[in-house]
file entry08.txt (compact mmCIF, C-alpha atoms)
# COMPACT_ATOMS: atom_id res chain seq x y z
CA MET A 1 -94.56 13.76 -50.63
CA TYR A 2 -98.06 12.92 -49.52
CA ASN A 3 -98.65 15.02 -46.54
CA MET A 4 -101.98 13.71 -45.35
CA GLY A 5 -101.79 16.01 -42.37
CA MET A 6 -104.61 16.92 -40.10
CA ASN A 7 -104.89 20.53 -41.13
CA LEU A 8 -107.26 21.88 -43.70
CA ASP A 9 -105.73 24.40 -46.00
CA ILE A 10 -107.88 25.55 -48.86
CA VAL A 11 -106.03 28.51 -50.24
CA GLN A 12 -107.88 30.96 -52.37
CA GLU A 13 -105.78 32.97 -54.73
CA THR A 14 -107.55 36.13 -53.72
CA GLY A 15 -109.27 36.96 -50.50
CA ALA A 16 -107.35 36.85 -47.27
CA SER A 17 -110.39 35.87 -45.25
CA SER A 18 -110.36 32.22 -46.26
CA ARG A 19 -106.60 32.05 -45.78
CA GLN A 20 -107.04 33.36 -42.27
CA LEU A 21 -109.73 30.76 -41.76
CA ALA A 22 -107.39 28.01 -42.90
CA TYR A 23 -104.68 29.14 -40.51
CA ALA A 24 -107.22 29.44 -37.73
CA VAL A 25 -108.22 25.82 -38.26
CA PHE A 26 -104.60 24.78 -38.45
CA ASN A 27 -103.63 26.51 -35.25
CA SER A 28 -106.57 25.45 -33.16
CA ASN A 29 -106.74 22.49 -30.85
CA ALA A 30 -109.03 20.81 -33.35
CA LEU A 31 -106.20 18.46 -34.29
CA ASP A 32 -106.20 16.67 -30.97
CA ASP A 33 -109.97 16.58 -30.83
CA GLN A 34 -110.10 14.96 -34.24
CA LYS A 35 -107.58 12.31 -33.29
CA ALA A 36 -109.68 11.49 -30.26
CA ASN A 37 -112.83 11.32 -32.36
CA PHE A 38 -111.13 9.16 -34.91
CA SER A 39 -109.92 6.56 -32.45
CA ALA A 40 -113.40 6.47 -30.90
CA VAL A 41 -115.10 5.68 -34.20
CA THR A 42 -112.69 2.90 -35.17
CA GLN A 43 -114.72 0.67 -32.87
CA THR A 44 -117.79 0.70 -35.10
CA ILE A 45 -118.63 -2.46 -37.00
CA PRO A 46 -118.94 -1.78 -40.75
CA LYS A 47 -121.88 -2.92 -42.78
CA ASN A 48 -120.89 -4.79 -45.89
CA ILE A 49 -124.42 -5.21 -47.15
CA TRP A 50 -123.85 -3.10 -50.26
CA VAL A 51 -120.89 -5.24 -51.29
CA ASP A 52 -123.14 -8.31 -51.04
CA ASN A 53 -125.80 -6.56 -53.13
CA LEU A 54 -123.29 -5.81 -55.86
CA LYS A 55 -122.04 -9.38 -55.80
CA ARG A 56 -125.63 -10.59 -56.27
CA ILE A 57 -125.97 -8.29 -59.28
CA GLN A 58 -122.64 -9.51 -60.66
CA THR A 59 -123.37 -13.20 -60.36
CA ASP A 60 -127.17 -13.54 -60.58
CA GLN A 61 -128.40 -10.30 -62.18
CA ASP A 62 -130.43 -10.03 -58.99
CA GLN A 63 -133.06 -7.29 -59.49
CA GLN A 64 -134.09 -7.26 -55.83
CA ALA A 65 -130.46 -6.55 -54.81
CA PHE A 66 -130.41 -3.75 -57.38
CA ALA A 67 -133.69 -2.27 -56.14
CA GLU A 68 -132.26 -2.09 -52.60
CA LEU A 69 -129.08 -0.35 -53.81
CA PHE A 70 -131.21 1.98 -55.91
CA GLY A 71 -133.40 2.88 -52.96
CA TYR A 72 -130.41 3.92 -50.89
CA PHE A 73 -128.02 5.44 -53.43
CA ALA A 74 -130.18 6.94 -56.21
CA PRO A 75 -131.58 9.77 -54.00
CA ARG A 76 -128.02 10.56 -52.85
CA VAL A 77 -126.67 10.57 -56.40
CA LYS A 78 -129.49 12.91 -57.42
CA ALA A 79 -128.67 15.25 -54.53
CA PHE A 80 -124.96 15.19 -55.46
CA LEU A 81 -125.72 16.04 -59.11
CA MET A 82 -128.07 18.88 -58.13
CA LYS A 83 -125.47 20.38 -55.79
CA SER A 84 -122.99 20.16 -58.66
CA GLY A 85 -125.26 22.33 -60.79
CA ALA A 86 -127.69 20.00 -62.57
CA SER A 87 -131.36 21.00 -62.85
CA PRO A 88 -133.77 18.61 -61.05
CA GLY A 89 -134.87 17.10 -64.38
CA MET A 90 -131.36 16.60 -65.62
CA ALA A 91 -130.24 15.19 -62.26
CA GLU A 92 -133.15 12.72 -62.39
CA ASP A 93 -132.16 11.49 -65.87
CA CYS A 94 -128.45 11.35 -65.05
CA THR A 95 -129.14 9.42 -61.83
CA GLN A 96 -130.96 6.76 -63.83
CA GLU A 97 -128.01 6.53 -66.21
CA VAL A 98 -125.55 6.32 -63.31
CA MET A 99 -127.52 3.47 -61.73
CA ALA A 100 -127.80 1.66 -65.08
CA THR A 101 -124.02 1.99 -65.50
CA LEU A 102 -123.62 0.45 -62.06
CA TRP A 103 -125.53 -2.61 -63.28
CA HIS A 104 -123.56 -2.87 -66.53
CA LYS A 105 -120.18 -2.40 -64.88
CA ALA A 106 -120.88 -4.47 -61.76
CA HIS A 107 -118.26 -7.03 -62.89
CA LEU A 108 -115.56 -4.32 -62.67
CA PHE A 109 -116.22 -3.45 -59.02
CA ASP A 110 -113.28 -4.49 -56.82
CA PRO A 111 -114.23 -4.46 -53.11
CA SER A 112 -110.56 -4.69 -52.08
CA ARG A 113 -109.99 -1.26 -53.63
CA ALA A 114 -113.18 0.72 -53.02
CA SER A 115 -116.38 0.86 -51.03
CA VAL A 116 -119.62 0.72 -52.98
CA SER A 117 -120.30 4.40 -52.22
CA THR A 118 -116.83 5.37 -53.50
CA TRP A 119 -117.38 3.40 -56.67
CA ILE A 120 -120.81 4.96 -57.25
CA PHE A 121 -119.31 8.40 -56.55
CA THR A 122 -116.78 7.88 -59.36
CA ILE A 123 -119.53 6.88 -61.81
CA ALA A 124 -121.65 9.90 -60.80
CA ARG A 125 -118.68 12.27 -61.00
CA ASN A 126 -117.82 11.04 -64.51
CA LYS A 127 -121.45 11.39 -65.57
CA ASN A 128 -121.39 14.94 -64.23
CA ILE A 129 -118.25 15.83 -66.22
CA ASP A 130 -119.72 14.25 -69.34
CA ALA A 131 -123.25 15.66 -69.14
CA LEU A 132 -122.76 19.02 -67.41
CA ARG A 133 -119.25 20.06 -68.33
CA LYS A 134 -119.38 18.39 -71.77
CA GLN A 135 -115.85 17.07 -71.41
CA ARG A 136 -114.32 13.68 -71.94
CA ARG A 137 -112.94 12.16 -68.77
CA PRO A 138 -109.62 10.36 -69.31
CA GLU A 139 -109.35 7.45 -66.85
CA PRO A 140 -106.21 5.50 -65.93
CA GLU A 141 -105.67 2.08 -67.48
CA GLU A 142 -108.00 -0.42 -65.89
CA LEU A 143 -106.44 -2.95 -63.55
CA THR A 144 -108.70 -5.92 -62.97
CA TRP A 145 -108.33 -9.37 -61.47
CA GLY A 146 -108.06 -12.03 -64.14
CA PRO A 147 -110.74 -14.73 -64.48
CA GLU A 148 -108.76 -17.06 -62.19
CA ALA A 149 -108.01 -14.64 -59.39
CA GLU A 150 -110.01 -12.45 -57.08
CA PRO A 151 -109.27 -10.37 -53.99
CA GLU A 152 -108.93 -12.12 -50.65
CA ALA A 153 -111.88 -11.84 -48.29
CA SER A 154 -109.69 -10.33 -45.56
CA ASP A 155 -108.53 -7.54 -47.92
CA VAL A 156 -112.14 -6.83 -48.83
CA LEU A 157 -113.13 -6.63 -45.18
CA VAL A 158 -110.30 -4.28 -44.23
CA MET A 159 -110.96 -1.95 -47.18
CA GLN A 160 -114.65 -1.77 -46.30
CA GLN A 161 -113.78 -1.09 -42.65
CA GLU A 162 -111.37 1.68 -43.55
CA SER A 163 -113.90 3.30 -45.88
CA ASP A 164 -116.40 3.19 -43.05
CA GLN A 165 -113.90 4.82 -40.69
CA LEU A 166 -113.30 7.56 -43.24
CA SER A 167 -117.05 8.22 -43.36
CA GLN A 168 -117.14 8.44 -39.57
CA ALA A 169 -114.13 10.78 -39.53
CA MET A 170 -115.90 12.97 -42.09
CA LYS A 171 -118.95 13.24 -39.83
CA ALA A 172 -116.68 14.16 -36.93
CA LEU A 173 -115.06 17.07 -38.77
CA PRO A 174 -115.90 20.60 -37.64
CA GLY A 175 -118.69 22.07 -39.78
CA GLN A 176 -116.61 24.71 -41.57
CA GLN A 177 -113.95 22.22 -42.51
CA ARG A 178 -116.46 19.76 -43.89
CA GLU A 179 -118.12 22.54 -45.86
CA LEU A 180 -114.85 23.35 -47.61
CA ILE A 181 -114.38 19.71 -48.60
CA GLU A 182 -117.95 19.63 -49.92
CA LYS A 183 -117.28 22.77 -51.95
CA ALA A 184 -114.21 21.16 -53.49
CA TYR A 185 -116.14 18.00 -54.43
CA PHE A 186 -119.34 19.74 -55.56
CA GLY A 187 -117.50 21.95 -58.00
CA ASP A 188 -117.79 25.21 -56.06
CA LEU A 189 -114.02 25.69 -56.11
CA SER A 190 -111.84 25.83 -59.20
CA HIS A 191 -108.75 23.64 -59.30
CA GLY A 192 -106.58 26.65 -58.48
CA GLN A 193 -108.49 27.21 -55.27
CA ILE A 194 -108.31 23.66 -53.97
CA ALA A 195 -105.42 22.72 -51.73
CA ALA A 196 -104.64 19.15 -50.93
CA GLU A 197 -105.11 18.85 -47.22
CA THR A 198 -108.53 17.82 -46.09
CA GLY A 199 -108.06 17.22 -42.41
CA LEU A 200 -109.04 13.59 -42.96
CA PRO A 201 -106.82 10.66 -41.95
CA LEU A 202 -106.12 9.43 -45.49
CA GLY A 203 -102.74 7.84 -44.75
CA THR A 204 -104.09 4.40 -43.77
CA ILE A 205 -106.49 4.04 -46.66
CA LYS A 206 -103.77 5.16 -49.08
CA SER A 207 -101.26 2.55 -47.86
CA ARG A 208 -104.03 -0.08 -47.95
CA LEU A 209 -104.75 0.83 -51.59
CA ARG A 210 -101.03 0.77 -52.41
CA LEU A 211 -100.86 -2.77 -51.02
CA ALA A 212 -103.96 -3.84 -52.97
CA LEU A 213 -102.37 -2.56 -56.19
CA SER A 214 -99.13 -4.48 -55.50
CA LYS A 215 -101.10 -7.70 -55.01
CA LEU A 216 -103.01 -7.06 -58.20
CA ARG A 217 -99.77 -6.40 -60.13
CA GLN A 218 -98.38 -9.69 -58.81
CA THR A 219 -101.28 -11.68 -60.24
CA MET A 220 -101.11 -9.80 -63.54
CA LYS A 221 -97.47 -10.75 -64.18
CA MET B 1 -98.17 -0.03 -68.74
CA ASN B 2 -95.89 0.11 -65.73
CA THR B 3 -92.53 1.67 -66.31
CA MET B 4 -89.50 -0.17 -65.03
CA ASN B 5 -87.54 2.78 -63.74
CA LYS B 6 -88.36 4.34 -60.42
CA ILE B 7 -90.62 7.35 -60.63
CA THR B 8 -89.30 10.13 -58.43
CA HIS B 9 -91.41 13.13 -59.44
CA HIS B 10 -95.07 12.67 -58.61
CA LEU B 11 -98.31 14.60 -58.92
CA SER B 12 -99.14 17.03 -56.14
CA ASP B 13 -101.95 16.23 -53.72
CA GLN B 14 -103.69 19.34 -55.01
CA LEU B 15 -103.86 17.88 -58.52
CA LEU B 16 -104.86 14.43 -57.26
CA LEU B 17 -107.69 15.94 -55.23
CA GLY B 18 -108.76 18.05 -58.20
CA TYR B 19 -108.78 14.93 -60.38
CA ALA B 20 -110.90 13.02 -57.82
CA ALA B 21 -113.27 15.95 -57.39
CA GLY B 22 -113.58 16.35 -61.16
CA SER B 23 -112.63 20.03 -61.17
CA LEU B 24 -109.55 19.91 -63.41
CA PRO B 25 -109.64 20.93 -67.07
CA GLU B 26 -109.68 18.01 -69.51
CA ALA B 27 -106.03 18.53 -70.61
CA PHE B 28 -104.87 18.20 -66.97
CA ASN B 29 -107.06 15.14 -66.46
CA LEU B 30 -105.32 13.56 -69.43
CA VAL B 31 -101.86 14.10 -67.93
CA VAL B 32 -103.07 12.86 -64.52
CA ALA B 33 -104.74 9.72 -65.96
CA THR B 34 -101.64 8.93 -68.03
CA HIS B 35 -99.35 9.34 -65.02
CA LEU B 36 -101.68 7.21 -62.83
CA SER B 37 -101.42 4.46 -65.45
CA MET B 38 -97.63 4.49 -64.91
CA CYS B 39 -97.44 5.15 -61.16
CA ASP B 40 -99.17 2.98 -58.52
CA GLU B 41 -98.07 5.34 -55.77
CA CYS B 42 -100.17 8.16 -57.21
CA ARG B 43 -102.96 5.78 -58.27
CA ALA B 44 -103.38 4.74 -54.62
CA ALA B 45 -103.37 8.40 -53.55
CA ALA B 46 -105.94 9.30 -56.22
CA GLN B 47 -108.21 6.47 -55.10
CA SER B 48 -107.93 7.60 -51.48
CA PHE B 49 -109.23 11.00 -52.63
CA ASP B 50 -112.04 9.13 -54.44
CA SER B 51 -113.00 7.60 -51.10
CA ILE B 52 -113.60 11.08 -49.70
CA GLY B 53 -116.10 11.50 -52.54
CA GLY B 54 -117.68 8.19 -51.53
CA ALA B 55 -117.95 9.29 -47.91
CA LEU B 56 -119.52 12.59 -49.00
CA LEU B 57 -122.01 10.80 -51.23
CA GLN B 58 -123.05 8.54 -48.38
CA ALA B 59 -123.52 11.53 -46.06
CA GLN B 60 -125.73 13.36 -48.60
CA PRO B 61 -129.23 14.42 -47.63
CA THR B 62 -131.48 12.64 -50.12
CA GLU B 63 -133.35 14.10 -53.07
CA ASN B 64 -136.55 12.23 -54.03
CA LEU B 65 -136.81 10.64 -57.45
CA GLY B 66 -139.91 10.32 -59.60
CA ASN B 67 -142.20 7.34 -58.98
CA ALA B 68 -141.18 5.54 -62.15
CA ALA B 69 -137.42 6.12 -61.68
CA LEU B 70 -136.57 2.50 -60.86
CA ALA B 71 -138.70 1.17 -63.71
CA LYS B 72 -137.11 3.64 -66.15
CA THR B 73 -133.67 2.57 -64.94
CA MET B 74 -134.55 -1.11 -65.47
CA ALA B 75 -135.62 -0.17 -69.02
CA LEU B 76 -132.23 1.54 -69.56
CA ILE B 77 -130.50 -1.58 -68.26
CA ALA B 78 -132.49 -3.76 -70.66
CA LYS B 79 -131.16 -1.71 -73.59
CA GLY B 80 -127.67 -2.92 -72.72
CA PRO B 81 -124.47 -1.00 -72.05
CA LYS B 82 -123.46 1.95 -74.21
CA ALA B 83 -120.95 1.01 -76.85
CA THR B 84 -117.46 1.63 -75.50
CA VAL B 85 -114.44 2.53 -77.56
CA SER B 86 -112.46 -0.60 -78.32
CA LYS B 87 -109.22 -0.85 -76.40
CA PRO B 88 -106.14 0.04 -78.47
CA VAL B 89 -103.91 -3.00 -78.81
CA GLY B 90 -100.19 -3.02 -78.15
CA SER B 91 -99.81 0.74 -77.95
CA ASP B 92 -96.52 2.15 -76.64
CA VAL B 93 -98.37 4.77 -74.56
CA PRO B 94 -100.88 4.24 -71.70
CA ASP B 95 -104.55 3.73 -72.72
CA PRO B 96 -105.90 7.17 -71.77
CA LEU B 97 -103.30 8.89 -73.98
CA SER B 98 -103.67 6.33 -76.74
CA ALA B 99 -107.36 7.23 -76.96
CA TYR B 100 -106.43 10.88 -77.66
CA ILE B 101 -103.70 10.04 -80.20
CA GLY B 102 -105.81 7.38 -81.87
CA GLY B 103 -102.99 4.84 -81.56
CA GLY B 104 -99.35 4.91 -80.51
CA LEU B 105 -96.45 7.33 -80.91
CA SER B 106 -95.93 6.33 -84.55
CA ASP B 107 -99.42 7.70 -85.29
CA VAL B 108 -98.66 11.20 -83.96
CA LYS B 109 -98.72 13.97 -86.56
CA TRP B 110 -95.76 16.09 -85.46
CA ARG B 111 -95.19 19.70 -86.47
CA PRO B 112 -91.80 21.39 -86.16
CA ILE B 113 -91.66 24.37 -83.79
CA GLY B 114 -87.98 25.22 -84.23
CA LEU B 115 -84.55 24.00 -83.10
CA GLY B 116 -85.52 20.44 -83.95
CA VAL B 117 -88.33 20.40 -81.39
CA ARG B 118 -91.69 19.08 -82.65
CA GLN B 119 -95.16 19.13 -81.14
CA ALA B 120 -98.66 17.79 -81.64
CA VAL B 121 -101.62 19.50 -79.99
CA LEU B 122 -104.26 17.04 -78.74
CA LYS B 123 -107.95 17.83 -78.93
CA THR B 124 -109.37 18.71 -75.50
CA SER B 125 -111.73 21.34 -74.09
CA HIS B 126 -110.34 24.86 -74.55
CA VAL B 127 -109.82 25.76 -70.90
CA ALA B 128 -106.37 24.18 -71.07
CA THR B 129 -104.16 22.76 -73.81
CA ALA B 130 -102.56 19.32 -74.04
CA ARG B 131 -99.66 18.67 -76.39
CA LEU B 132 -97.05 16.05 -77.12
CA LEU B 133 -93.49 17.36 -77.33
CA TYR B 134 -90.64 15.68 -79.19
CA ILE B 135 -87.26 16.98 -78.04
CA PRO B 136 -84.29 15.48 -79.93
CA SER B 137 -81.38 14.22 -77.86
CA GLY B 138 -79.44 17.23 -76.57
CA ALA B 139 -81.96 19.79 -77.84
CA ALA B 140 -83.73 22.37 -75.67
CA VAL B 141 -87.29 23.64 -75.46
CA PRO B 142 -87.00 27.44 -75.69
CA ASP B 143 -86.62 29.20 -72.35
CA HIS B 144 -90.12 29.98 -71.09
CA GLY B 145 -92.20 31.01 -68.14
CA HIS B 146 -95.87 30.31 -67.35
CA ARG B 147 -98.86 32.37 -66.52
CA GLY B 148 -100.69 29.40 -65.02
CA THR B 149 -99.71 25.81 -64.29
CA GLU B 150 -97.74 23.57 -66.65
CA LEU B 151 -97.63 19.79 -66.21
CA THR B 152 -94.97 17.88 -68.13
CA LEU B 153 -95.00 14.08 -68.07
CA VAL B 154 -92.06 12.21 -69.59
CA LEU B 155 -93.11 9.29 -71.78
CA GLN B 156 -89.70 8.37 -73.23
CA GLY B 157 -86.13 9.51 -72.64
CA ALA B 158 -85.35 12.13 -70.03
CA PHE B 159 -84.89 15.87 -69.68
CA ARG B 160 -83.21 18.20 -67.24
CA ASP B 161 -84.01 21.74 -66.35
CA GLU B 162 -82.83 24.19 -63.71
CA THR B 163 -84.65 22.20 -61.00
CA ALA B 164 -83.99 18.47 -61.57
CA ARG B 165 -83.79 15.47 -63.92
CA PHE B 166 -87.06 13.95 -65.18
CA ALA B 167 -87.19 10.44 -66.67
CA ALA B 168 -90.01 8.23 -68.01
CA GLY B 169 -93.06 8.39 -65.72
CA ASP B 170 -91.85 11.52 -63.91
CA VAL B 171 -94.08 14.55 -63.97
CA GLU B 172 -92.97 18.14 -63.45
CA VAL B 173 -95.53 20.52 -61.98
CA ALA B 174 -94.41 24.05 -62.87
CA ASP B 175 -96.20 27.12 -61.60
CA GLU B 176 -95.95 30.80 -62.46
CA ASP B 177 -92.69 31.25 -60.60
CA LEU B 178 -90.73 28.69 -62.61
CA HIS B 179 -88.88 30.04 -65.60
CA HIS B 180 -87.16 27.05 -67.13
CA LYS B 181 -85.42 25.62 -70.16
CA PRO B 182 -85.85 21.84 -70.40
CA VAL B 183 -83.01 20.06 -72.25
CA ALA B 184 -83.31 16.48 -73.50
CA GLU B 185 -80.56 14.18 -72.24
CA ILE B 186 -77.92 13.03 -74.68
CA GLY B 187 -78.46 9.49 -75.92
CA HIS B 188 -82.24 9.38 -76.32
CA ASP B 189 -84.82 11.65 -77.85
CA CYS B 190 -87.31 12.76 -75.23
CA ILE B 191 -91.08 12.58 -75.69
CA CYS B 192 -93.34 14.36 -73.20
CA LEU B 193 -97.04 14.97 -72.65
CA ALA B 194 -97.57 18.53 -71.45
CA ALA B 195 -100.63 20.51 -70.35
CA THR B 196 -100.96 24.23 -69.72
CA ASP B 197 -103.91 26.29 -68.53
CA ALA B 198 -102.48 29.56 -69.89
CA PRO B 199 -100.25 30.34 -72.87
CA LEU B 200 -96.52 29.90 -72.29
CA ARG B 201 -94.31 33.00 -72.21
CA PHE B 202 -91.11 32.70 -74.21
CA SER B 203 -88.17 34.96 -73.46
CA ALA B 204 -86.83 35.28 -77.00
CA TRP B 205 -88.52 37.12 -79.85
CA ILE B 206 -88.47 34.32 -82.46
CA PRO B 207 -90.36 31.75 -80.36
CA ARG B 208 -93.04 34.37 -79.68
CA VAL B 209 -93.75 34.46 -83.41
CA ALA B 210 -93.74 30.66 -83.46
CA GLN B 211 -96.10 30.73 -80.50
CA SER B 212 -98.77 32.66 -82.37
CA VAL B 213 -98.41 30.44 -85.43
CA PHE B 214 -98.29 27.08 -83.72
CA ARG B 215 -100.67 27.63 -80.77
CA LEU B 216 -97.97 27.08 -78.17

call {"tool": "encode", "arguments": {"input": "entry08.txt", "output": "structure tokens"}}
result
Amino acid sequence: MYNMGMNLDIVQETGASSRQLAYAVFNSNALDDQKANFSAVTQTIPKNIWVDNLKRIQTDQDQQAFAELFGYFAPRVKAFLMKSGASPGMAEDCTQEVMATLWHKAHLFDPSRASVSTWIFTIARNKNIDALRKQRRPEPEELTWGPEAEPEASDVLVMQQESDQLSQAMKALPGQQRELIEKAYFGDLSHGQIAAETGLPLGTIKSRLRLALSKLRQTMK
Amino acid sequence: MNTMNKITHHLSDQLLLGYAAGSLPEAFNLVVATHLSMCDECRAAAQSFDSIGGALLQAQPTENLGNAALAKTMALIAKGPKATVSKPVGSDVPDPLSAYIGGGLSDVKWRPIGLGVRQAVLKTSHVATARLLYIPSGAAVPDHGHRGTELTLVLQGAFRDETARFAAGDVEVADEDLHHKPVAEIGHDCICLAATDAPLRFSAWIPRVAQSVFRL
């Protein structure tokens, strides 16, 4: 059922122009170009420094490690919140709360299931729903490694690599296509306007995550 | 909570993306989060949509923070984490739903809506409505159509409608075009979590009266 195809298809309920745009993207030769781009970027060596920083916060409450993470991510979180509709002042306050949550929840971060940026995105998104949209955000039951078990280093490495490849693939997307994804994630499209296909190669990361969940379920039995 | 039977009806990618992007109404988020708690297939898909968010965040142009931002954050950290709601113990529904019921299925305050069918509306934002439905074995939810989208997640038992059979963990995504009459299978009462973003449209006159009275 998961068609993680290469075409982007954001269908607006009204307005034929965007539908025509979606078909134009679908029918163009962009597909082949993207595949070429994607295989080219798989060569890059990922940086796992942020995972190490989080580990240092987890185990040693390392403030220096936190300051480094803060320096890189806080300005991005603030930009994300402002694009999602927060005023500069509110975005500033929410960013501080997001980064404080990161510290308090550092023990829940699982590097075999997410990159640090993905994990911070989920905290910022939830903060946004809570503070701007004034809604509760139901989250699925937490699945965490027990005190005895933790993810294997090889699984962590592969997940971090695949997240890095996804970032590279995002940069390689044609501008219009990337803009539509940004609109979906920055709240400029209602749920009725968002269609599922992003043009990004999600299939590999999804099967990797499926595998990670199976391993986790095994240890939880 | 991981159901034993095989889940065959999953969430659409559109809903999973909407959940990751944070653009769904609260009632839909509740159905999605409850299904993800029961279905690792969709949980993996949802997390892969989260990673798009992560990639976008990383690619963001930066927005400067005030000079004292780090110090203020360290002060927030020193205050300790915000009190979190204590985890419900031994509930027969997944955690996200349990938080809305305030316990398990035995704590639900059901109201009859006719023909033996009972419901309980859960408190969410008003953009969409979430409700629990109790359909006795063999009984039918009145024939209805939708103006928007209706999500129906089976928690216990099973139902059939004109399209397929839905058992525990399965979710039916019905759009405006589907006019259906879900019937609970003989043998077990069927309990579902449903969300709608527009009022349902019943075909018969009596349920329309019930609709205005019971906020269907």

call {"tool": "residues_around", "arguments": {"input": "entry08.txt", "residues": "Pro151 of chain A", "least_positions_apart": "2", "cutoff": "10 Å", "atoms": "all atoms listed in the file", "output": "number ranges by chain"}}
result
A: 110-113, 145, 149, 153-156, 212, 215-216

call {"tool": "atom_distance", "arguments": {"input": "entry08.txt", "atom1": "atom CA of Phe70 of chain A", "atom2": "atom CA of Phe49 of chain B"}}
result
24.0 Å

call {"tool": "interface_residues", "arguments": {"input": "entry08.txt", "of": "chain A", "to": "chain B", "cutoff": "6 Å", "atoms": "all atoms listed in the file", "output": "number ranges by chain"}}
result
A: 75-76, 78-79, 96, 100, 104, 117-118, 121, 138-141, 167, 185, 191, 195-196, 206, 209-210

call {"tool": "axis_aligned_box", "arguments": {"input": "entry08.txt", "around": "segment 133-148 of chain A", "padding_each_side": "4 Å", "output": "lines of an AutoDock Vina configuration file"}}
result
center_x = -112.5
center_y = 1.5
center_z = -66.7
size_x = 21.7
size_y = 45.1
size_z = 18.5

call {"tool": "residues_around", "arguments": {"input": "entry08.txt", "residues": "Ala124 of chain A", "least_positions_apart": "3", "cutoff": "8 Å", "atoms": "all atoms listed in the file", "output": "number ranges by chain"}}
result
A: 77, 81, 95, 98, 120-121, 127-128

call {"tool": "residues_around", "arguments": {"input": "entry08.txt", "residues": "Leu108 of chain A", "least_positions_apart": "2", "cutoff": "12 Å", "atoms": "all atoms listed in the file", "output": "VMD selection string"}}
result
chain A and resid 54 to 55 57 to 58 101 to 106 110 to 114 116 119 to 120 123 142 to 147 150

call {"tool": "atom_distance", "arguments": {"input": "entry08.txt", "atom1": "atom CA of Lys123 of chain B", "atom2": "atom CA of Val171 of chain B"}}
result
20.7 Å

call {"tool": "closest_residue", "arguments": {"input": "entry08.txt", "among": "B:Gly157, B:Gly169, B:Pro136, B:Gly102", "to": "Leu122 of chain B", "atoms": "only C-alpha atoms"}}
result
B:Gly102

call {"tool": "atom_distance", "arguments": {"input": "entry08.txt", "atom1": "atom CA of Ser115 of chain A", "atom2": "atom CA of Lys221 of chain A"}}
result
25.8 Å

call {"tool": "build_atoms", "arguments": {"input": "entry08.txt", "residues": "segment 156-169 of chain A", "atoms": "N, CA and C atoms", "output": "mmCIF file, in the frame of the given file"}}
result
data_model
loop_
_atom_site.group_PDB
_atom_site.id
_atom_site.type_symbol
_atom_site.label_atom_id
_atom_site.label_comp_id
_atom_site.auth_asym_id
_atom_site.auth_seq_id
_atom_site.Cartn_x
_atom_site.Cartn_y
_atom_site.Cartn_z
ATOM 1 N N VAL A 156 -110.847 -7.482 -48.592
ATOM 2 C CA VAL A 156 -112.140 -6.830 -48.830
ATOM 3 C C VAL A 156 -112.670 -6.246 -47.521
ATOM 4 N N LEU A 157 -112.604 -7.057 -46.474
ATOM 5 C CA LEU A 157 -113.130 -6.630 -45.180
ATOM 6 C C LEU A 157 -112.408 -5.378 -44.673
ATOM 7 N N VAL A 158 -111.070 -5.405 -44.740
ATOM 8 C CA VAL A 158 -110.300 -4.280 -44.230
ATOM 9 C C VAL A 158 -110.581 -3.010 -45.028
ATOM 10 N N MET A 159 -110.665 -3.138 -46.367
ATOM 11 C CA MET A 159 -110.960 -1.950 -47.180
ATOM 12 C C MET A 159 -112.316 -1.373 -46.831
ATOM 13 N N GLN A 160 -113.310 -2.247 -46.634
ATOM 14 C CA GLN A 160 -114.650 -1.770 -46.300
ATOM 15 C C GLN A 160 -114.654 -1.118 -44.922
ATOM 16 N N GLN A 161 -113.872 -1.683 -43.999
ATOM 17 C CA GLN A 161 -113.780 -1.090 -42.650
ATOM 18 C C GLN A 161 -113.151 0.294 -42.718
ATOM 19 N N GLU A 162 -112.069 0.388 -43.495
ATOM 20 C CA GLU A 162 -111.370 1.680 -43.550
ATOM 21 C C GLU A 162 -112.218 2.742 -44.239
ATOM 22 N N SER A 163 -113.001 2.344 -45.235
ATOM 23 C CA SER A 163 -113.900 3.300 -45.880
ATOM 24 C C SER A 163 -114.948 3.780 -44.886
ATOM 25 N N ASP A 164 -115.415 2.853 -44.063
ATOM 26 C CA ASP A 164 -116.400 3.190 -43.050
ATOM 27 C C ASP A 164 -115.823 4.172 -42.032
ATOM 28 N N GLN A 165 -114.565 3.922 -41.645
ATOM 29 C CA GLN A 165 -113.900 4.820 -40.690
ATOM 30 C C GLN A 165 -113.727 6.218 -41.285
ATOM 31 N N LEU A 166 -113.450 6.253 -42.584
ATOM 32 C CA LEU A 166 -113.300 7.560 -43.240
ATOM 33 C C LEU A 166 -114.624 8.321 -43.203
ATOM 34 N N SER A 167 -115.725 7.601 -43.445
ATOM 35 C CA SER A 167 -117.050 8.220 -43.360
ATOM 36 C C SER A 167 -117.309 8.777 -41.966
ATOM 37 N N GLN A 168 -116.940 7.996 -40.951
ATOM 38 C CA GLN A 168 -117.140 8.440 -39.570
ATOM 39 C C GLN A 168 -116.290 9.669 -39.276
ATOM 40 N N ALA A 169 -115.036 9.649 -39.757
ATOM 41 C CA ALA A 169 -114.130 10.780 -39.530
ATOM 42 C C ALA A 169 -114.679 12.032 -40.206
#
